[in-house]
Amino acid sequence: MEVTEKEVCAYLRMGNEMPDAQLSKRIGELLAEVQPILRPSRIWQRVRVAEIPMLGNSLYQHLSGCEDAFLACGTLGAGIDAFQRRIAICSAADALIVQAIGAAFVERVMDGIEAAIKEELLPGESLVSRYSPGFGDFPLAVQRKILAMLDASRKIGVSLTDSLLLVPSKSVSAVIGVRRTEERLQE
């Protein structure tokens, strides 16, 4: 699993601006330090949309026309959190870069989940885009139910704090709807 400098720069909110030579070098150095400590894990489960606590209109609208969905969770493991805390002691700038590196890598983990799920789909099925708690009016508190349904704490080591933060911090939970084409619906 790899990420590019361009992806890291996107999470650094640099827009289309390219990093100068010094920043580019530091991103490369930190990427090299981070990669060996990553312990990506992922889990997903197909459920009926009716089983998902919606608690708002945004996810309901997003899943319009879907009978099934996948609950998913991906993480990079606790190593990157410890590394970021250590590096922050010496350099806030480096900690920010590590934060961006982690964001890019966890996005790769979630992309990998979607790719694996696509292999499980039946003919005539497709996925709608991922939707995570915290988007729209889909509350962060729903993560507690999603993680419980996935048994994520036991299976991949992801839990939720009382303030609704995922631990390890470079973790993502999501709902991914399954659409069926008209031909599939008529069977």
# chains A, B, ... in the order shown; residues from 1 in each chain; ligands from 1
>>> select_by_dssp(residues="stretch 17-155 of chain A", states="strand (DSSP E)", output="PDB file with N, CA, C and O atoms, in the first residue's frame")
ATOM      1  N   SER A  41      -6.019  -2.823   8.995  1.00  0.00           N
ATOM      2  CA  SER A  41      -7.014  -3.870   9.220  1.00  0.00           C
ATOM      3  C   SER A  41      -8.338  -3.349   8.712  1.00  0.00           C
ATOM      4  O   SER A  41      -8.590  -2.140   8.729  1.00  0.00           O
ATOM      5  N   ARG A  42      -9.182  -4.260   8.313  1.00  0.00           N
ATOM      6  CA  ARG A  42     -10.474  -3.839   7.795  1.00  0.00           C
ATOM      7  C   ARG A  42     -11.517  -4.921   8.056  1.00  0.00           C
ATOM      8  O   ARG A  42     -11.179  -6.099   8.167  1.00  0.00           O
ATOM      9  N   ILE A  43     -12.755  -4.470   8.098  1.00  0.00           N
ATOM     10  CA  ILE A  43     -13.868  -5.383   8.315  1.00  0.00           C
ATOM     11  C   ILE A  43     -15.098  -4.788   7.654  1.00  0.00           C
ATOM     12  O   ILE A  43     -15.232  -3.570   7.582  1.00  0.00           O
ATOM     13  N   TRP A  44     -15.960  -5.656   7.171  1.00  0.00           N
ATOM     14  CA  TRP A  44     -17.217  -5.195   6.593  1.00  0.00           C
ATOM     15  C   TRP A  44     -18.249  -6.298   6.730  1.00  0.00           C
ATOM     16  O   TRP A  44     -17.909  -7.469   6.903  1.00  0.00           O
ATOM     17  N   GLN A  45     -19.501  -5.893   6.638  1.00  0.00           N
ATOM     18  CA  GLN A  45     -20.605  -6.843   6.775  1.00  0.00           C
ATOM     19  C   GLN A  45     -21.813  -6.315   6.012  1.00  0.00           C
ATOM     20  O   GLN A  45     -22.158  -5.137   6.118  1.00  0.00           O
ATOM     21  N   ARG A  46     -22.455  -7.191   5.280  1.00  0.00           N
ATOM     22  CA  ARG A  46     -23.662  -6.813   4.543  1.00  0.00           C
ATOM     23  C   ARG A  46     -24.854  -6.881   5.495  1.00  0.00           C
ATOM     24  O   ARG A  46     -25.001  -7.843   6.245  1.00  0.00           O
ATOM     25  N   VAL A  47     -25.678  -5.847   5.447  1.00  0.00           N
ATOM     26  CA  VAL A  47     -26.870  -5.777   6.293  1.00  0.00           C
ATOM     27  C   VAL A  47     -28.033  -5.227   5.472  1.00  0.00           C
ATOM     28  O   VAL A  47     -27.837  -4.665   4.399  1.00  0.00           O
ATOM     29  N   ARG A  48     -29.209  -5.385   6.002  1.00  0.00           N
ATOM     30  CA  ARG A  48     -30.379  -4.753   5.415  1.00  0.00           C
ATOM     31  C   ARG A  48     -30.347  -3.277   5.810  1.00  0.00           C
ATOM     32  O   ARG A  48     -29.982  -2.935   6.933  1.00  0.00           O
ATOM     33  N   ASP A  68     -30.032  -3.150   0.646  1.00  0.00           N
ATOM     34  CA  ASP A  68     -28.897  -3.636   1.424  1.00  0.00           C
ATOM     35  C   ASP A  68     -27.802  -2.588   1.452  1.00  0.00           C
ATOM     36  O   ASP A  68     -27.759  -1.687   0.607  1.00  0.00           O
ATOM     37  N   ALA A  69     -26.917  -2.754   2.406  1.00  0.00           N
ATOM     38  CA  ALA A  69     -25.745  -1.892   2.515  1.00  0.00           C
ATOM     39  C   ALA A  69     -24.650  -2.683   3.215  1.00  0.00           C
ATOM     40  O   ALA A  69     -24.915  -3.722   3.833  1.00  0.00           O
ATOM     41  N   PHE A  70     -23.455  -2.179   3.110  1.00  0.00           N
ATOM     42  CA  PHE A  70     -22.340  -2.750   3.854  1.00  0.00           C
ATOM     43  C   PHE A  70     -21.941  -1.763   4.937  1.00  0.00           C
ATOM     44  O   PHE A  70     -21.806  -0.565   4.672  1.00  0.00           O
ATOM     45  N   LEU A  71     -21.767  -2.273   6.143  1.00  0.00           N
ATOM     46  CA  LEU A  71     -21.124  -1.511   7.202  1.00  0.00           C
ATOM     47  C   LEU A  71     -19.646  -1.822   7.074  1.00  0.00           C
ATOM     48  O   LEU A  71     -19.270  -2.978   6.845  1.00  0.00           O
ATOM     49  N   ALA A  72     -18.802  -0.826   7.196  1.00  0.00           N
ATOM     50  CA  ALA A  72     -17.373  -1.034   6.999  1.00  0.00           C
ATOM     51  C   ALA A  72     -16.577  -0.236   8.018  1.00  0.00           C
ATOM     52  O   ALA A  72     -17.006   0.824   8.465  1.00  0.00           O
ATOM     53  N   CYS A  73     -15.413  -0.772   8.349  1.00  0.00           N
ATOM     54  CA  CYS A  73     -14.490  -0.053   9.232  1.00  0.00           C
ATOM     55  C   CYS A  73     -13.073  -0.438   8.827  1.00  0.00           C
ATOM     56  O   CYS A  73     -12.778  -1.612   8.587  1.00  0.00           O
ATOM     57  N   GLY A  74     -12.221   0.567   8.732  1.00  0.00           N
ATOM     58  CA  GLY A  74     -10.817   0.342   8.407  1.00  0.00           C
ATOM     59  C   GLY A  74      -9.937   1.151   9.339  1.00  0.00           C
ATOM     60  O   GLY A  74     -10.345   2.205   9.833  1.00  0.00           O
ATOM     61  N   THR A  75      -8.750   0.661   9.592  1.00  0.00           N
ATOM     62  CA  THR A  75      -7.821   1.337  10.497  1.00  0.00           C
ATOM     63  C   THR A  75      -6.383   1.107  10.063  1.00  0.00           C
ATOM     64  O   THR A  75      -6.085   0.152   9.346  1.00  0.00           O
ATOM     65  N   GLU A 125     -25.704  -5.692  -9.322  1.00  0.00           N
ATOM     66  CA  GLU A 125     -25.557  -4.834  -8.142  1.00  0.00           C
ATOM     67  C   GLU A 125     -24.368  -3.896  -8.322  1.00  0.00           C
ATOM     68  O   GLU A 125     -23.380  -4.247  -8.965  1.00  0.00           O
ATOM     69  N   SER A 126     -24.475  -2.719  -7.732  1.00  0.00           N
ATOM     70  CA  SER A 126     -23.378  -1.755  -7.713  1.00  0.00           C
ATOM     71  C   SER A 126     -23.412  -1.025  -6.377  1.00  0.00           C
ATOM     72  O   SER A 126     -24.396  -1.098  -5.644  1.00  0.00           O
ATOM     73  N   LEU A 127     -22.339  -0.329  -6.082  1.00  0.00           N
ATOM     74  CA  LEU A 127     -22.239   0.391  -4.812  1.00  0.00           C
ATOM     75  C   LEU A 127     -22.519   1.873  -5.006  1.00  0.00           C
ATOM     76  O   LEU A 127     -22.181   2.450  -6.039  1.00  0.00           O
TER      77      LEU A 127
END
>>> select_by_dssp(residues="chain A", states="alpha helix (DSSP H)", output="tab-separated table (two decimals) with N, CA and C atoms, in the first residue's frame")
chain	number	residue	atom	x	y	z
A	5	GLU	N	3.13	11.71	-2.84
A	5	GLU	CA	3.34	13.02	-2.27
A	5	GLU	C	2.15	13.93	-2.57
A	6	LYS	N	1.61	13.81	-3.77
A	6	LYS	CA	0.46	14.63	-4.17
A	6	LYS	C	-0.73	14.39	-3.25
A	7	GLU	N	-0.98	13.12	-2.88
A	7	GLU	CA	-2.07	12.81	-1.96
A	7	GLU	C	-1.83	13.42	-0.59
A	8	VAL	N	-0.61	13.32	-0.11
A	8	VAL	CA	-0.27	13.91	1.19
A	8	VAL	C	-0.47	15.42	1.13
A	9	CYS	N	-0.04	16.04	0.06
A	9	CYS	CA	-0.20	17.49	-0.09
A	9	CYS	C	-1.68	17.88	-0.12
A	10	ALA	N	-2.51	17.04	-0.69
A	10	ALA	CA	-3.95	17.32	-0.70
A	10	ALA	C	-4.49	17.37	0.73
A	11	TYR	N	-4.03	16.45	1.58
A	11	TYR	CA	-4.47	16.45	2.98
A	11	TYR	C	-3.81	17.57	3.78
A	21	ALA	N	11.35	22.04	-2.37
A	21	ALA	CA	12.27	20.91	-2.26
A	21	ALA	C	12.41	20.42	-0.82
A	22	GLN	N	12.45	21.36	0.13
A	22	GLN	CA	12.62	20.99	1.54
A	22	GLN	C	11.40	20.21	2.05
A	23	LEU	N	10.20	20.71	1.75
A	23	LEU	CA	8.99	20.02	2.19
A	23	LEU	C	8.86	18.67	1.49
A	24	SER	N	9.16	18.64	0.22
A	24	SER	CA	9.09	17.39	-0.53
A	24	SER	C	10.00	16.34	0.08
A	25	LYS	N	11.20	16.76	0.43
A	25	LYS	CA	12.17	15.84	1.05
A	25	LYS	C	11.63	15.33	2.39
A	26	ARG	N	11.07	16.23	3.18
A	26	ARG	CA	10.57	15.83	4.51
A	26	ARG	C	9.37	14.89	4.39
A	27	ILE	N	8.49	15.15	3.44
A	27	ILE	CA	7.36	14.24	3.23
A	27	ILE	C	7.89	12.85	2.88
A	28	GLY	N	8.86	12.78	1.99
A	28	GLY	CA	9.45	11.49	1.62
A	28	GLY	C	10.07	10.78	2.81
A	29	GLU	N	10.78	11.52	3.65
A	29	GLU	CA	11.42	10.92	4.83
A	29	GLU	C	10.37	10.37	5.79
A	30	LEU	N	9.32	11.17	6.03
A	30	LEU	CA	8.28	10.73	6.97
A	30	LEU	C	7.45	9.57	6.41
A	31	LEU	N	7.21	9.58	5.11
A	31	LEU	CA	6.54	8.43	4.49
A	31	LEU	C	7.34	7.15	4.73
A	32	ALA	N	8.65	7.24	4.57
A	32	ALA	CA	9.52	6.08	4.77
A	32	ALA	C	9.50	5.61	6.22
A	33	GLU	N	9.38	6.54	7.17
A	33	GLU	CA	9.33	6.17	8.59
A	33	GLU	C	7.97	5.59	8.97
A	34	VAL	N	6.90	6.10	8.39
A	34	VAL	CA	5.55	5.69	8.76
A	34	VAL	C	5.20	4.32	8.20
A	57	ASN	N	-31.96	12.62	7.90
A	57	ASN	CA	-32.38	12.47	6.51
A	57	ASN	C	-31.25	12.24	5.53
A	58	SER	N	-30.03	12.71	5.83
A	58	SER	CA	-28.98	12.68	4.81
A	58	SER	C	-28.62	11.25	4.39
A	59	LEU	N	-28.43	10.34	5.33
A	59	LEU	CA	-28.12	8.96	4.96
A	59	LEU	C	-29.33	8.30	4.32
A	60	TYR	N	-30.50	8.58	4.82
A	60	TYR	CA	-31.73	8.03	4.25
A	60	TYR	C	-31.82	8.40	2.77
A	61	GLN	N	-31.57	9.65	2.45
A	61	GLN	CA	-31.60	10.09	1.05
A	61	GLN	C	-30.47	9.45	0.24
A	62	HIS	N	-29.29	9.36	0.85
A	62	HIS	CA	-28.14	8.77	0.16
A	62	HIS	C	-28.40	7.32	-0.22
A	79	GLY	N	0.03	2.15	15.93
A	79	GLY	CA	1.42	2.58	15.76
A	79	GLY	C	1.56	3.99	15.24
A	80	ILE	N	0.71	4.39	14.31
A	80	ILE	CA	0.82	5.74	13.75
A	80	ILE	C	0.44	6.79	14.79
A	81	ASP	N	-0.50	6.48	15.68
A	81	ASP	CA	-0.85	7.42	16.75
A	81	ASP	C	0.36	7.66	17.66
A	82	ALA	N	1.02	6.58	18.06
A	82	ALA	CA	2.19	6.70	18.94
A	82	ALA	C	3.31	7.46	18.23
A	83	PHE	N	3.52	7.17	16.96
A	83	PHE	CA	4.56	7.85	16.19
A	83	PHE	C	4.25	9.35	16.10
A	84	GLN	N	3.00	9.69	15.84
A	84	GLN	CA	2.63	11.10	15.72
A	84	GLN	C	2.82	11.83	17.05
A	85	ARG	N	2.47	11.19	18.16
A	85	ARG	CA	2.68	11.82	19.47
A	85	ARG	C	4.17	12.07	19.73
A	86	ARG	N	5.00	11.07	19.39
A	86	ARG	CA	6.45	11.23	19.59
A	86	ARG	C	7.02	12.35	18.73
A	87	ILE	N	6.61	12.39	17.49
A	87	ILE	CA	7.17	13.37	16.57
A	87	ILE	C	6.69	14.78	16.90
A	88	ALA	N	5.48	14.89	17.46
A	88	ALA	CA	4.92	16.20	17.82
A	88	ALA	C	5.74	16.89	18.91
A	89	ILE	N	6.43	16.12	19.72
A	89	ILE	CA	7.26	16.69	20.78
A	89	ILE	C	8.38	17.53	20.17
A	90	CYS	N	8.91	17.09	19.05
A	90	CYS	CA	10.02	17.79	18.40
A	90	CYS	C	9.57	18.79	17.34
A	92	ALA	N	5.91	20.35	15.45
A	92	ALA	CA	4.48	20.42	15.13
A	92	ALA	C	4.27	20.28	13.62
A	93	ALA	N	5.19	20.81	12.84
A	93	ALA	CA	5.08	20.71	11.38
A	93	ALA	C	5.16	19.25	10.93
A	94	ASP	N	6.11	18.49	11.51
A	94	ASP	CA	6.22	17.07	11.17
A	94	ASP	C	4.97	16.31	11.61
A	95	ALA	N	4.42	16.67	12.76
A	95	ALA	CA	3.19	16.01	13.23
A	95	ALA	C	2.04	16.26	12.26
A	96	LEU	N	1.97	17.45	11.71
A	96	LEU	CA	0.94	17.78	10.73
A	96	LEU	C	1.14	16.95	9.45
A	97	ILE	N	2.36	16.80	9.04
A	97	ILE	CA	2.65	15.98	7.85
A	97	ILE	C	2.26	14.52	8.12
A	98	VAL	N	2.59	14.01	9.30
A	98	VAL	CA	2.23	12.63	9.64
A	98	VAL	C	0.71	12.47	9.67
A	99	GLN	N	0.02	13.49	10.17
A	99	GLN	CA	-1.45	13.47	10.16
A	99	GLN	C	-1.95	13.32	8.72
A	100	ALA	N	-1.40	14.09	7.80
A	100	ALA	CA	-1.80	14.02	6.39
A	100	ALA	C	-1.44	12.67	5.77
A	101	ILE	N	-0.29	12.16	6.11
A	101	ILE	CA	0.12	10.84	5.61
A	101	ILE	C	-0.88	9.78	6.08
A	102	GLY	N	-1.24	9.84	7.36
A	102	GLY	CA	-2.20	8.88	7.90
A	102	GLY	C	-3.55	8.98	7.22
A	103	ALA	N	-4.00	10.20	6.97
A	103	ALA	CA	-5.29	10.39	6.30
A	103	ALA	C	-5.26	9.77	4.90
A	104	ALA	N	-4.16	9.96	4.19
A	104	ALA	CA	-4.04	9.39	2.85
A	104	ALA	C	-4.02	7.86	2.90
A	105	PHE	N	-3.31	7.30	3.86
A	105	PHE	CA	-3.24	5.84	3.97
A	105	PHE	C	-4.58	5.24	4.39
A	106	VAL	N	-5.28	5.85	5.33
A	106	VAL	CA	-6.56	5.27	5.75
A	106	VAL	C	-7.59	5.35	4.62
A	107	GLU	N	-7.46	6.35	3.77
A	107	GLU	CA	-8.32	6.42	2.58
A	107	GLU	C	-8.04	5.24	1.67
A	108	ARG	N	-6.77	4.86	1.55
A	108	ARG	CA	-6.40	3.68	0.75
A	108	ARG	C	-7.02	2.41	1.34
A	109	VAL	N	-7.01	2.31	2.67
A	109	VAL	CA	-7.63	1.15	3.33
A	109	VAL	C	-9.11	1.08	2.97
A	110	MET	N	-9.79	2.21	3.04
A	110	MET	CA	-11.22	2.24	2.73
A	110	MET	C	-11.47	1.94	1.25
A	111	ASP	N	-10.59	2.42	0.37
A	111	ASP	CA	-10.70	2.08	-1.04
A	111	ASP	C	-10.55	0.57	-1.24
A	112	GLY	N	-9.66	-0.04	-0.46
A	112	GLY	CA	-9.46	-1.49	-0.52
A	112	GLY	C	-10.70	-2.25	-0.07
A	113	ILE	N	-11.38	-1.72	0.94
A	113	ILE	CA	-12.63	-2.35	1.38
A	113	ILE	C	-13.64	-2.31	0.24
A	114	GLU	N	-13.79	-1.15	-0.37
A	114	GLU	CA	-14.76	-1.04	-1.47
A	114	GLU	C	-14.41	-2.00	-2.60
A	115	ALA	N	-13.14	-2.13	-2.94
A	115	ALA	CA	-12.74	-3.05	-4.00
A	115	ALA	C	-13.09	-4.49	-3.64
A	116	ALA	N	-12.85	-4.87	-2.39
A	116	ALA	CA	-13.17	-6.23	-1.94
A	116	ALA	C	-14.68	-6.47	-1.94
A	117	ILE	N	-15.44	-5.47	-1.51
A	117	ILE	CA	-16.90	-5.60	-1.51
A	117	ILE	C	-17.42	-5.76	-2.94
A	118	LYS	N	-16.87	-5.03	-3.88
A	118	LYS	CA	-17.32	-5.13	-5.28
A	118	LYS	C	-17.20	-6.56	-5.80
A	119	GLU	N	-16.19	-7.28	-5.31
A	119	GLU	CA	-16.02	-8.68	-5.72
A	119	GLU	C	-17.12	-9.57	-5.17
A	120	GLU	N	-17.78	-9.15	-4.08
A	120	GLU	CA	-18.84	-9.93	-3.46
A	120	GLU	C	-20.22	-9.63	-4.04
A	142	VAL	N	-23.74	7.28	15.96
A	142	VAL	CA	-24.13	6.04	15.29
A	142	VAL	C	-22.94	5.09	15.16
A	143	GLN	N	-21.72	5.64	15.23
A	143	GLN	CA	-20.54	4.79	15.14
A	143	GLN	C	-20.55	3.71	16.21
A	144	ARG	N	-21.10	4.01	17.37
A	144	ARG	CA	-21.15	3.02	18.44
A	144	ARG	C	-21.91	1.78	17.98
A	145	LYS	N	-23.04	1.97	17.32
A	145	LYS	CA	-23.85	0.86	16.81
A	145	LYS	C	-23.13	0.15	15.66
A	146	ILE	N	-22.54	0.92	14.75
A	146	ILE	CA	-21.83	0.31	13.62
A	146	ILE	C	-20.68	-0.56	14.12
A	147	LEU	N	-19.89	-0.03	15.04
A	147	LEU	CA	-18.75	-0.80	15.56
A	147	LEU	C	-19.22	-2.04	16.29
A	148	ALA	N	-20.33	-1.93	17.02
A	148	ALA	CA	-20.87	-3.09	17.73
A	148	ALA	C	-21.36	-4.15	16.74
A	149	MET	N	-22.07	-3.71	15.70
A	149	MET	CA	-22.56	-4.67	14.71
A	149	MET	C	-21.42	-5.39	14.01
A	150	LEU	N	-20.30	-4.70	13.80
A	150	LEU	CA	-19.13	-5.30	13.16
A	150	LEU	C	-18.23	-6.06	14.14
A	152	ALA	N	-16.06	-4.63	15.84
A	152	ALA	CA	-14.79	-4.03	15.41
A	152	ALA	C	-13.74	-3.97	16.51
A	153	SER	N	-14.16	-3.81	17.73
A	153	SER	CA	-13.19	-3.74	18.83
A	153	SER	C	-12.42	-5.05	18.95
A	154	ARG	N	-13.14	-6.13	18.93
A	154	ARG	CA	-12.50	-7.44	19.07
A	154	ARG	C	-11.78	-7.86	17.79
A	155	LYS	N	-12.39	-7.60	16.64
A	155	LYS	CA	-11.85	-8.13	15.38
A	155	LYS	C	-10.70	-7.31	14.80
A	156	ILE	N	-10.76	-5.96	14.90
A	156	ILE	CA	-9.67	-5.16	14.33
A	156	ILE	C	-9.13	-4.09	15.28
A	182	GLU	N	-32.57	-2.42	-12.68
A	182	GLU	CA	-33.95	-2.82	-12.93
A	182	GLU	C	-34.05	-4.30	-13.31
A	183	GLU	N	-33.10	-4.81	-14.14
A	183	GLU	CA	-33.14	-6.20	-14.55
A	183	GLU	C	-33.05	-7.12	-13.34
A	184	ARG	N	-32.20	-6.76	-12.39
A	184	ARG	CA	-32.01	-7.58	-11.17
A	184	ARG	C	-33.28	-7.53	-10.33
A	185	LEU	N	-33.96	-6.39	-10.26
A	185	LEU	CA	-35.16	-6.25	-9.46
A	185	LEU	C	-36.30	-7.10	-10.00
A	186	GLN	N	-36.33	-7.35	-11.31
A	186	GLN	CA	-37.43	-8.10	-11.92
A	186	GLN	C	-37.27	-9.60	-11.76
>>> atom_distance(atom1="atom CA of A:Thr4", atom2="atom CA of A:Arg39")
18.5 Å
